[in-house]
Amino acid sequence: MTDACGCGSDEPREDSNELEEQEPERLWEVSELRFAAAAGLFLVAGFVADLNDASQGVVTGLNAVALALGAWTFVPNTLKRLAKGKIGVGTLMTIAAVGAVILGEVAEAAMLAFLYSISEGLEEYAVARTRRGLRALLSLVPAEATILRDGSQAVVAPAELAIGDLLLVRPGERVATDGVIRTGRTALDVSALTGESVPVEAGPGDTVYAGCINGTGVLEVEVTTTAEDNSLARIVTIVEAEQSRKGEAQRLADRIAKPLVPGIMVLAAIIAIVGSLIGDPATWIERALVVLVAASPCALAISVPVTVVAAIGAASRIGALVKGGAALEALGRIRTVALDKTGTLTRNDPAVVEVATAPGHTREQVLDVAAALEARSEHPLARAILAAVPVHRDAEGVESVTGAGIIGVVDGRPARLGRPGWIAAGELAEPVRGMQEAGATAVLVEYDGVVIGAVAVRDDLRPEAAEVVARLRADGYQVAMLTGDNERTATALAAQAGISDVHADLRPEDKAAIIHRLREQRPTAMVGDGVNDAPALATADVGIAMGAMGSDVAIETADVALMGEDLRHLPHSLNQARRARSIMLQNVGLSLGLITILIPLAAFGVLGLAAVVLVHEVAEIFVIGNGVRAGRVRPLAAAPAGASAATAVPAKAGAR
């Protein structure tokens with residue numbers, strides 16, 4: 001079994017490839033649950049036969065079949081693990097069933113196997129639901145693709161694409177697989193992949209990814225990866241591999257069972273040996289076997305996967321893809337949340353927020369010249385300036401100066417637009433400094449050799465950012481912001497969001513180092529969306545990728561992916577995980593408390609085997625009902641007072 005939940009074995013399946021093609025979508029499609037259902041039928045048949053005074057051989061035979069069917073779901077893997085020196089809940093369940101058979105209570109042994117096979121099936125179903133959520137990403141790939149071969153067009157399935165094929169992508173079509181643009185220019189809608197709200201300008205030499213939507217231009221794209229290995233397929237593979245990589249040391253039930261199983265076995269041996277020395281050996285050996293049954297953590301074995309199934313399903317309904325039970329449990333422990341700035345706290349939607357003019361020039365003139373130059377530019381800031389000037393003059397001879405700005409000719413006069421330093425700010429130095437301190441990017445506009453103004457473009461906070469930060473703090477989380485931006489910009493935006501713990505001018509390795517320090521104080525989650533966030537995501541107790549894709553590296557190292565672009569999914573997911581973990585701990589406490597009570601009662605003969613099994617069954621019904629509560633999606637409480645007001649940023653001249 002996989003390790004998504006806290007029970008069962010973690011031996012990898014040999015037929016994993018076949019399972020990927022036949023992923024169970026309904027409970028009945030899970031083989032363990034089918035075995036459990038069959039075992040249940042034979043148990044009922046045995047019970048009915050006993051009521052009708054059938055021969056003991058018939059009753060025992062029916063119960064034995066039920067035992068065999070239920071045990072088939074966990075005993076083989078338990079024996080494999082024992083051969084490798086590994087023990088878990090399955091070990092104790094196997095010993096308990098064997099003990100019941102030795103006592104002649106085949107029906108009780110069958111009941112234990114039946115209940116545990118249900119827990120095994122629920123675990124598999126939980127993992128399958130997570131895998132199905134991941135594979136839903138693959139629906140972004142179109143059903144067919146158009147390729148150019150020998151001067152003619154042909155329509156093929158994406159699976160038939162080969163590296164080097166030339167894809168023809170018309171306006172509005174999705175790209176079938178990863179590739180490089182050879183001809184054509186467009187604006188790519190990658191919102192479903194990376195969460196980028198603004199279409200990305202792309203032209204010859206730029207990389208495009210499977211699932212992105214072409215804008216207005218016709219593209220010819222050279223295929224660089226097959227459909228089986230494109231960016232979307234890699235995400236599915238990466239996350240599933242991550243689930244398997246999280247070893248059994250992180251499995252809740254097995255962590256408890258590791259010291260519990262040998263301890264119970266030693267205790268049972270002591271009861272049998274010491275009791276035999278002071279009394280009837282048969283009586284004390286029987287009591288020792290009943291102790292083994294009493295110590296079986298049945299409630300724990302079934303309650304944890306039920307809780308995980310319910311909680312992962314609830315998380316998916318609020319826009320969070322949780323990789324498995326271990327990730328869910330870790331998410332529920334988080335007490336510090338570190339947020340990346342760009343693309344996480346901000347919208348990746350830059351806008352003109354201020355225009356400063358030199359004496360003798362107007363705001364309209366500055367924006368007109370800037371827009372004339374930016375109309376021919378592929379720079380991310382161009383869209384913001386063009387949005388502020390729907391109608392503008394045309395520029396000629398436009399050239400981009402890498403890392404500096406743009407040059408061109410407007411109405412026969414030379415013009416430049418670029419960063420301070422490349423263009424001297426002169427008397428606009430003070431306004432430019434103010435723009436930067438307000439968290440904006442400042443560009444200077446020069447026309448006919450004279451600086452006529454400065455334009456401030458800012459990537460504002462998400463509208464819900466301040467509300468989310470306020471809610472996180474109200475829920476008891478410590479909030480920090482990590483960014484590679486300069487101190488002025490970072491501090492300004494953090495103040496708007498209500499964050500006082502700011503770390504700026506960071507390289508990726510610096511982010512990881514800060515996360516390491518935060519982890520030493522409290523369990524810490526890192527929220528990011530890019531390659532530069534990957535080291536911090538890997539270092540954190542829980543890595544949370546913003547957006548369904550972000551970057552491949554971000555997804556690889558993250559434990560949770562927020563599928564949408566609404567940051568409010570974050571506190572909602574944290575609250576659901578915290579509640580699910582609380583339910584898990586309640587069930588664990590009940591299971592262990594039950595064992596603590598039953599062991600002495602069984603050891604001293606107060607309870608026999610039938611009574612012990614009955615108590616376990618009642619407890620299992622209770623913890624299953626408790627675990628199902630984790631599937632209820634609770635609405636977030638109203639935002640703390642003042643949170644909505646914090647989202648309002650005083651508008652300056654030219655603000656959108």
# chains A, B, ... in the order shown; residues from 1 in each chain; ligands from 1
$ residues_around --residues "Leu69 in chain A" --least-positions-apart "4" --cutoff "12 Å" --atoms "only C-alpha atoms" --output "ChimeraX atom specification"
/A:31-43,62-65,73-76,109-118
$ select_by_dssp --residues "range 176-395 of chain A" --states "strand (DSSP E or B)" --output "mmCIF file with C-alpha atoms, in the first residue's frame"
data_model
loop_
_atom_site.group_PDB
_atom_site.id
_atom_site.type_symbol
_atom_site.label_atom_id
_atom_site.label_comp_id
_atom_site.auth_asym_id
_atom_site.auth_seq_id
_atom_site.Cartn_x
_atom_site.Cartn_y
_atom_site.Cartn_z
ATOM 1 C CA GLY A 179 7.836 23.316 -27.337
ATOM 2 C CA VAL A 180 9.694 26.351 -28.670
ATOM 3 C CA ILE A 181 8.100 28.994 -30.894
ATOM 4 C CA ARG A 182 9.728 29.086 -34.330
ATOM 5 C CA THR A 183 7.480 31.656 -36.040
ATOM 6 C CA THR A 186 1.274 36.175 -29.438
ATOM 7 C CA ALA A 187 0.134 36.647 -25.867
ATOM 8 C CA LEU A 188 -0.175 33.286 -24.104
ATOM 9 C CA ASP A 189 -2.834 32.714 -21.472
ATOM 10 C CA VAL A 200 2.543 36.480 -21.351
ATOM 11 C CA GLU A 201 4.044 37.942 -24.508
ATOM 12 C CA ALA A 202 5.880 35.280 -26.515
ATOM 13 C CA THR A 207 9.215 28.256 -24.608
ATOM 14 C CA VAL A 208 5.542 27.332 -24.435
ATOM 15 C CA ILE A 213 -3.927 29.044 -24.557
ATOM 16 C CA LEU A 219 2.213 30.083 -33.976
ATOM 17 C CA GLU A 220 4.480 27.406 -35.330
ATOM 18 C CA VAL A 221 5.908 25.516 -32.363
ATOM 19 C CA GLU A 222 8.673 22.929 -32.517
ATOM 20 C CA VAL A 223 7.883 20.040 -30.166
ATOM 21 C CA ALA A 320 -6.237 22.749 -2.175
ATOM 22 C CA LEU A 321 -4.557 19.601 -3.483
ATOM 23 C CA VAL A 322 -2.965 17.775 -0.521
ATOM 24 C CA THR A 336 4.283 30.022 11.115
ATOM 25 C CA VAL A 337 3.476 30.957 7.514
ATOM 26 C CA ALA A 338 6.174 32.486 5.281
ATOM 27 C CA LEU A 339 4.880 34.131 2.098
ATOM 28 C CA ASP A 340 6.765 34.904 -1.073
ATOM 29 C CA THR A 346 0.922 40.299 -5.395
ATOM 30 C CA ALA A 351 -0.397 49.025 -13.339
ATOM 31 C CA VAL A 352 0.577 52.686 -13.622
ATOM 32 C CA VAL A 353 0.119 54.224 -10.181
ATOM 33 C CA GLU A 354 1.831 57.608 -10.541
ATOM 34 C CA VAL A 355 3.240 59.977 -13.148
ATOM 35 C CA ALA A 356 5.731 62.724 -12.243
ATOM 36 C CA THR A 357 6.280 65.485 -14.823
ATOM 37 C CA ALA A 395 7.099 55.175 -32.709
#
$ residues_around --residues "Val155 in chain A" --least-positions-apart "2" --cutoff "12 Å" --atoms "only C-alpha atoms" --output "list in words"
Pro142, Ala143, Glu144, Ala145, Thr146, Ile147, Leu148, Arg149, Ser152, Gln153, Ala157, Pro158, Ala159, Glu160, Leu161, Leu166, Leu167, Leu168, Val169 and Ala176 of chain A
$ residues_around --residues "Asp566 in chain A" --least-positions-apart "3" --cutoff "12 Å" --atoms "only C-alpha atoms" --output "ChimeraX atom specification"
/A:195,197,318-320,343-347,461-465,467-468,546-548,562-563,569-573
$ closest_atom_pairs --of "range 458-556 of chain A" --to "range 441-445 of chain A" --cutoff "10 Å" --atoms "only C-alpha atoms" --output "CSV"
residue,atom,partner,partner_atom,distance
A:Arg458,CA,A:Thr441,CA,5.9
A:Asp459,CA,A:Thr441,CA,8.6
A:Thr489,CA,A:Thr441,CA,8.5
$ residues_around --residues "range 306-315 of chain A" --least-positions-apart "5" --cutoff "7 Å" --atoms "only C-alpha atoms" --output "MDAnalysis selection string"
chainID A and resid 5 122 126 320:322 325 573 580 584 624 627:628 630:633
$ closest_residue --among "A:Leu51, A:Ala602, A:Ile595, A:Ala233" --to "Val141 in chain A" --atoms "only C-alpha atoms"
A:Ala233
